[in-house]
2 protein chains.
Amino acid sequence: MAIGSPTEKRRAILDAAIRVFARQGFHAARVSDITEEAGVAYGLVYHYFDSKDQMLNELFTERWALLLDAIRRADTELDSPRDKLEAAAGFIIESYRHDPELMKVIIVEVTRAANSFGRTHLPEIREAYDAIAKIVADAQAAGEFRSDVSAEFAAMLFYGAIEQLLTGWIFEVVPGGDEDYERAKGLVVETICGGLEPRAAERVAG
Amino acid sequence: MAIGSPTEKRRAILDAAIRVFARQGFHAARVSDITEEAGVAYGLVYHYFDSKDQMLNELFTERWALLLDAIRRADTELDSPRDKLEAAAGFIIESYRHDPELMKVIIVEVTRAANSFGRTHLPEIREAYDAIAKIVADAQAAGEFRSDVSAEFAAMLFYGAIEQLLTGWIFEVVPGGDEDYERAKGLVVETICGGLEPRAAERVAG
DNA sequence: CGCTAGATTGACTGGTCAGTCAGCCAGCGA
DNA sequence: TCGCTGGCTGACTGACCAGTCAATCTAGCG
């Protein structure tokens with residue numbers, strides 16, 4: 001028997017699932033691939049999980065809660081909208097740097113899989129959009145962002161831009177390395193905020 | 001027998017496939033659902049197509065060629081980068097307005113399905129990114145866009161923002177109606193370009 | 001007309017997997 | 001020492017569905 005404590009196996013299965021889902025995609029991943037990767041018997045999966053789906057759900061839910069929390073904390077703990085958005089973008093990018101396989105699974109199999117798991121988790125995903133939209137709305141109310149763009153609209157552009165960027169890194173469409181990640185944090189925000197802030201000429205008081 | 005000419009059936013099958021893929025998603029769509037929707041016998045699909053996959057490939061390829069063409073024409077026929085990008089965004093948004101089900105299928109099942117069809121069509125998808133990046137790069141060379149953001153990076157943000165917007169409409173996360181579509185064309189470009197253009201204070205000649 | 005080619009039909013097959021289940025084994029308490 | 005409990009095993013089953021194919025129909029054509 002392995003070295004781990006009794007239910008380390010559960011974690012081992014989940015970790016193996018991340019690797020297999022990232023490598024093959026959820027649909028192409030057989031449960032037997034996961035158990036093989038984890039070095040456990042086929043049936044053990046069903047001792048700890050109800051279904052293959054549940055594994056993905058758990059991976060997503062766990063991570064997404066952290067993301068939501070990070071965005072909301074950024075909103076309460078920081079002052080300028082730019083800093084808030086940069087913290088949000090930074091958290092997502094750091095998540096990717098820290099565990100690219102997990103983020104790949106979350107984005108590719110849930111967030112962007114709107115017809116399968118994305119639909120199931122739409123409420124949670126929408127919470128993130130809303131949290132970003134709130135940051136924008138507050139900035140608009142304070143006159144720091146232009147008000148002729150709806151906050152939800154701006155939130156979609158912002159989130160979509162980041163997600164597309166990660167997707168580009170994941171599939172190596174665009175070069176990704178430590179410096180790229182670092183630079184990206186600032187540039188995403190600068191680019192989007194640059195368009196959201198009132199132009200000097202049009203500024204109308206605060 | 002129906003009213004149509006001999007191989008109208010092929011088109012009927014393809015149209016039915018759009019509706020079924022849009023409604024259920026590609027994976028959940030059975031070939032029998034499509035034939036039922038089209039009102040033809042099961043086997044007829046395999047008279048006109050090699051496989052279920054090929055139907056989706058054909059739907060995508062057909063439409064994507066138009067998109068690519070539109071972006072490239074915008075690039076050659078228009079002058080300012082803003083107009084070019086607005087034409088590109090406008091074409092995508094108009095495609096959605098004209099046939100939302102087809103665009104849903106293309107985005108959800110191909111463009112954002114990076115682990116299945118997205119991978120197969122990555123080269124074509126990348127051509128679109130490249131075409132957008134070229135517009136940005138030219139604008140940078142002319143001093144109309146800031147040069148400290150790589151053109152490919154900017155292209156990803158731009159494309160990602162639009163796609164996320166469509167996704168929001170598709171899944172009714174964000175309100176979508178004729179006026180919204182019309183306004184969106186301008187706002188997407190304004191928001192992103194606003195961040196890409198040099199600020200007045202920093203402008204350095206052309 | 002009879003003939004051929006292409007369109008059309010739908011029952012059937014073969015392969016694939018998620019999920020089940022009957023039972024094994026290790027450790028522990030009595 | 002003997003059960004007992006719960007982690008653990010992996011062969012097996014049942015459902016599902018893409019793709020096949022032999023047969024039927026229809027339209028033109030000589």
# chains A, B, ... in the order shown; residues from 1 in each chain; ligands from 1
>>> residues_around(residues="stretch 24-26 of chain D", least_positions_apart="5", cutoff="9 Å", atoms="only C-alpha atoms (C1' of nucleotides)", output="PyMOL selection string")
chain C and resi 7-9
>>> residues_around(residues="stretch 45-52 of chain B", least_positions_apart="5", cutoff="8 Å", atoms="only C-alpha atoms (C1' of nucleotides)", output="list of chain:residue names")
B:Arg10, B:Ile13, B:Val31, B:Thr35, D:DA18, D:DG19
>>> closest_atom_pairs(of="chain D", to="chain A", cutoff="12 Å", atoms="only C-alpha atoms (C1' of nucleotides)", output="JSON lines")
{"residue": "D:DG6", "atom": "C1'", "partner": "A:His47", "partner_atom": "CA", "distance": 10.3}
{"residue": "D:DG7", "atom": "C1'", "partner": "A:Pro6", "partner_atom": "CA", "distance": 7.6}
{"residue": "D:DC8", "atom": "C1'", "partner": "A:Leu44", "partner_atom": "CA", "distance": 6.5}
{"residue": "D:DT9", "atom": "C1'", "partner": "A:Ala41", "partner_atom": "CA", "distance": 5.8}
{"residue": "D:DG10", "atom": "C1'", "partner": "A:Tyr42", "partner_atom": "CA", "distance": 6.7}
{"residue": "D:DA11", "atom": "C1'", "partner": "A:Tyr42", "partner_atom": "CA", "distance": 10.6}
>>> atom_distance(atom1="atom CA of B:Arg183", atom2="atom CA of A:Ala151")
14.1 Å
>>> select_by_dssp(residues="chain B", states="alpha helix (DSSP H)", output="count of residues only")
141
>>> interface_residues(of="chain C", to="chain A", cutoff="9 Å", atoms="only C-alpha atoms (C1' of nucleotides)", output="count of residues only")
4
>>> residues_around(residues="D:DC2", least_positions_apart="5", cutoff="12 Å", atoms="only C-alpha atoms (C1' of nucleotides)", output="PyMOL selection string")
chain C and resi 28-30
>>> write_last_selection(atoms="N, CA and C atoms (P, O5', C5', C4', C3', O3' and C1' of nucleotides)", output="short mmCIF file (atom, residue, chain, number, x, y, z; two decimals), in the first residue's frame")
data_model
loop_
_atom_site.label_atom_id
_atom_site.label_comp_id
_atom_site.auth_asym_id
_atom_site.auth_seq_id
_atom_site.Cartn_x
_atom_site.Cartn_y
_atom_site.Cartn_z
P DC C 28 -4.97 -0.05 13.64
"O5'" DC C 28 -6.31 0.17 14.47
"C5'" DC C 28 -7.59 0.14 13.82
"C4'" DC C 28 -8.60 -0.59 14.70
"C3'" DC C 28 -8.15 -0.79 16.15
"O3'" DC C 28 -9.24 -0.60 17.02
"C1'" DC C 28 -8.76 -2.84 15.26
P DG C 29 -9.07 -0.07 18.54
"O5'" DG C 29 -10.58 -0.03 19.06
"C5'" DG C 29 -11.65 -0.45 18.21
"C4'" DG C 29 -12.40 -1.61 18.83
"C3'" DG C 29 -12.21 -1.79 20.34
"O3'" DG C 29 -13.48 -2.08 20.91
"C1'" DG C 29 -11.63 -3.80 19.22
P DA C 30 -13.69 -2.44 22.43
"O5'" DA C 30 -14.01 -3.99 22.39
"C5'" DA C 30 -15.06 -4.48 21.56
"C4'" DA C 30 -15.14 -5.99 21.69
"C3'" DA C 30 -15.15 -6.49 23.13
"O3'" DA C 30 -16.01 -7.63 23.22
"C1'" DA C 30 -13.30 -7.43 22.03
#
>>> residues_around(residues="A:Ala89", least_positions_apart="3", cutoff="8 Å", atoms="only C-alpha atoms (C1' of nucleotides)", output="ChimeraX atom specification")
/A:85-86,92-93,162,185,188-189
>>> interface_residues(of="chain B", to="chain A", cutoff="9 Å", atoms="only C-alpha atoms", output="VMD selection string")
chain B and resid 22 to 28 108 to 109 112 to 116 119 122 126 148 to 149 152 to 154 156 to 165 167 to 168 171 173 to 174 184 187 to 197 199 to 200
>>> write_last_selection(atoms="C-alpha atoms", output="CSV table (one decimal), in the first residue's frame")
chain,number,residue,atom,x,y,z
B,22,ALA,CA,-27.9,25.1,-31.2
B,23,ARG,CA,-30.6,23.6,-29.0
B,24,GLN,CA,-28.8,20.6,-27.6
B,25,GLY,CA,-25.1,21.1,-28.2
B,26,PHE,CA,-23.1,19.0,-30.5
B,27,HIS,CA,-22.4,16.1,-28.1
B,28,ALA,CA,-25.9,15.8,-26.9
B,108,VAL,CA,-19.9,27.4,-28.6
B,109,GLU,CA,-19.0,24.2,-30.4
B,112,ARG,CA,-14.6,28.1,-27.7
B,113,ALA,CA,-14.4,24.3,-27.8
B,114,ALA,CA,-10.7,24.3,-27.8
B,115,ASN,CA,-10.4,20.6,-26.8
B,116,SER,CA,-12.5,19.2,-29.7
B,119,ARG,CA,-8.3,22.3,-32.0
B,122,LEU,CA,-7.1,26.3,-34.8
B,126,ARG,CA,-5.7,31.8,-35.8
B,148,ASP,CA,4.0,49.0,-25.9
B,149,VAL,CA,1.2,46.5,-26.3
B,152,GLU,CA,-1.2,39.9,-31.1
B,153,PHE,CA,-2.0,40.6,-27.5
B,154,ALA,CA,-4.3,43.4,-28.4
B,156,MET,CA,-6.7,38.6,-28.4
B,157,LEU,CA,-8.3,41.2,-26.1
B,158,PHE,CA,-10.4,42.6,-28.9
B,159,TYR,CA,-11.6,39.2,-30.2
B,160,GLY,CA,-12.1,37.9,-26.7
B,161,ALA,CA,-14.2,40.8,-25.7
B,162,ILE,CA,-16.5,40.4,-28.8
B,163,GLU,CA,-16.9,36.7,-28.3
B,164,GLN,CA,-17.7,37.1,-24.7
B,165,LEU,CA,-20.3,39.6,-25.6
B,167,THR,CA,-21.8,34.5,-25.5
B,168,GLY,CA,-23.5,36.8,-23.0
B,171,PHE,CA,-27.1,32.7,-22.8
B,173,VAL,CA,-26.6,36.9,-19.3
B,174,VAL,CA,-26.7,40.3,-20.8
B,184,ALA,CA,-22.4,47.4,-29.1
B,187,LEU,CA,-18.9,50.6,-27.9
B,188,VAL,CA,-16.6,47.6,-28.2
B,189,VAL,CA,-14.3,49.4,-30.6
B,190,GLU,CA,-14.4,52.6,-28.6
B,191,THR,CA,-13.6,50.8,-25.3
B,192,ILE,CA,-10.8,48.8,-26.7
B,193,CYS,CA,-9.4,51.4,-29.0
B,194,GLY,CA,-9.7,54.0,-26.2
B,195,GLY,CA,-7.1,52.0,-24.4
B,196,LEU,CA,-4.9,51.4,-27.4
B,197,GLU,CA,-4.6,54.9,-28.6
B,199,ARG,CA,-3.2,59.5,-24.5
B,200,ALA,CA,-3.0,63.1,-25.6
>>> atom_distance(atom1="atom CA of A:Arg72", atom2="atom CA of A:Glu58")
21.3 Å
>>> atom_distance(atom1="atom CA of A:Ala88", atom2="atom CA of A:Asn57")
22.6 Å
>>> closest_residue(among="B:Ala87, B:Ala65, B:Glu77, B:Lys134", to="B:His121", atoms="only C-alpha atoms")
B:Ala65
>>> residues_around(residues="C:DT4", least_positions_apart="6", cutoff="12 Å", atoms="only C-alpha atoms (C1' of nucleotides)", output="number ranges by chain")
D: 26-30
>>> decode(residues="stretch 33-60 of chain B", atoms="N, CA and C atoms", output="compact mmCIF listing (two decimals), in the first residue's frame")
# COMPACT_ATOMS: atom_id res chain seq x y z
N ASP B 33 -31.78 12.83 -34.08
CA ASP B 33 -32.48 14.09 -33.81
C ASP B 33 -32.47 14.96 -35.05
N ILE B 34 -31.34 14.98 -35.71
CA ILE B 34 -31.20 15.82 -36.90
C ILE B 34 -32.10 15.33 -38.03
N THR B 35 -32.08 14.03 -38.26
CA THR B 35 -32.90 13.51 -39.36
C THR B 35 -34.38 13.72 -39.06
N GLU B 36 -34.74 13.57 -37.80
CA GLU B 36 -36.12 13.80 -37.41
C GLU B 36 -36.50 15.26 -37.68
N GLU B 37 -35.63 16.16 -37.24
CA GLU B 37 -35.85 17.60 -37.44
C GLU B 37 -35.96 17.93 -38.92
N ALA B 38 -35.16 17.25 -39.73
CA ALA B 38 -35.15 17.54 -41.16
C ALA B 38 -36.25 16.80 -41.90
N GLY B 39 -36.85 15.81 -41.23
CA GLY B 39 -37.88 15.02 -41.88
C GLY B 39 -37.35 14.09 -42.95
N VAL B 40 -36.17 13.52 -42.71
CA VAL B 40 -35.62 12.56 -43.68
C VAL B 40 -35.20 11.29 -42.93
N ALA B 41 -34.89 10.26 -43.68
CA ALA B 41 -34.52 8.99 -43.05
C ALA B 41 -33.10 9.06 -42.49
N TYR B 42 -32.89 8.26 -41.45
CA TYR B 42 -31.61 8.28 -40.76
C TYR B 42 -30.42 8.16 -41.72
N GLY B 43 -30.50 7.16 -42.57
CA GLY B 43 -29.34 6.85 -43.42
C GLY B 43 -28.97 7.94 -44.40
N LEU B 44 -29.90 8.83 -44.70
CA LEU B 44 -29.64 9.83 -45.74
C LEU B 44 -28.49 10.75 -45.37
N VAL B 45 -28.33 10.97 -44.07
CA VAL B 45 -27.22 11.79 -43.62
C VAL B 45 -25.90 11.26 -44.19
N TYR B 46 -25.78 9.94 -44.21
CA TYR B 46 -24.52 9.34 -44.63
C TYR B 46 -24.42 9.20 -46.15
N HIS B 47 -25.46 9.62 -46.81
CA HIS B 47 -25.38 9.72 -48.27
C HIS B 47 -24.68 11.04 -48.62
N TYR B 48 -24.96 12.07 -47.84
CA TYR B 48 -24.42 13.40 -48.13
C TYR B 48 -23.18 13.77 -47.31
N PHE B 49 -23.04 13.14 -46.15
CA PHE B 49 -21.92 13.48 -45.27
C PHE B 49 -21.19 12.23 -44.80
N ASP B 50 -19.92 12.39 -44.52
CA ASP B 50 -19.14 11.25 -44.04
C ASP B 50 -19.45 10.93 -42.59
N SER B 51 -19.73 11.96 -41.83
CA SER B 51 -19.91 11.74 -40.40
C SER B 51 -20.64 12.93 -39.79
N LYS B 52 -21.03 12.75 -38.57
CA LYS B 52 -21.67 13.83 -37.81
C LYS B 52 -20.69 15.00 -37.71
N ASP B 53 -19.44 14.68 -37.44
CA ASP B 53 -18.41 15.72 -37.34
C ASP B 53 -18.36 16.58 -38.59
N GLN B 54 -18.43 15.92 -39.74
CA GLN B 54 -18.26 16.66 -40.98
C GLN B 54 -19.33 17.73 -41.17
N MET B 55 -20.50 17.46 -40.65
CA MET B 55 -21.55 18.47 -40.75
C MET B 55 -21.15 19.73 -40.02
N LEU B 56 -20.66 19.57 -38.80
CA LEU B 56 -20.25 20.73 -38.03
C LEU B 56 -19.08 21.43 -38.72
N ASN B 57 -18.13 20.64 -39.19
CA ASN B 57 -16.99 21.23 -39.88
C ASN B 57 -17.44 22.09 -41.05
N GLU B 58 -18.39 21.58 -41.79
CA GLU B 58 -18.86 22.31 -42.96
C GLU B 58 -19.56 23.60 -42.56
N LEU B 59 -20.39 23.51 -41.53
CA LEU B 59 -21.08 24.72 -41.05
C LEU B 59 -20.06 25.77 -40.64
N PHE B 60 -19.06 25.33 -39.91
CA PHE B 60 -18.05 26.28 -39.44
C PHE B 60 -17.26 26.87 -40.60
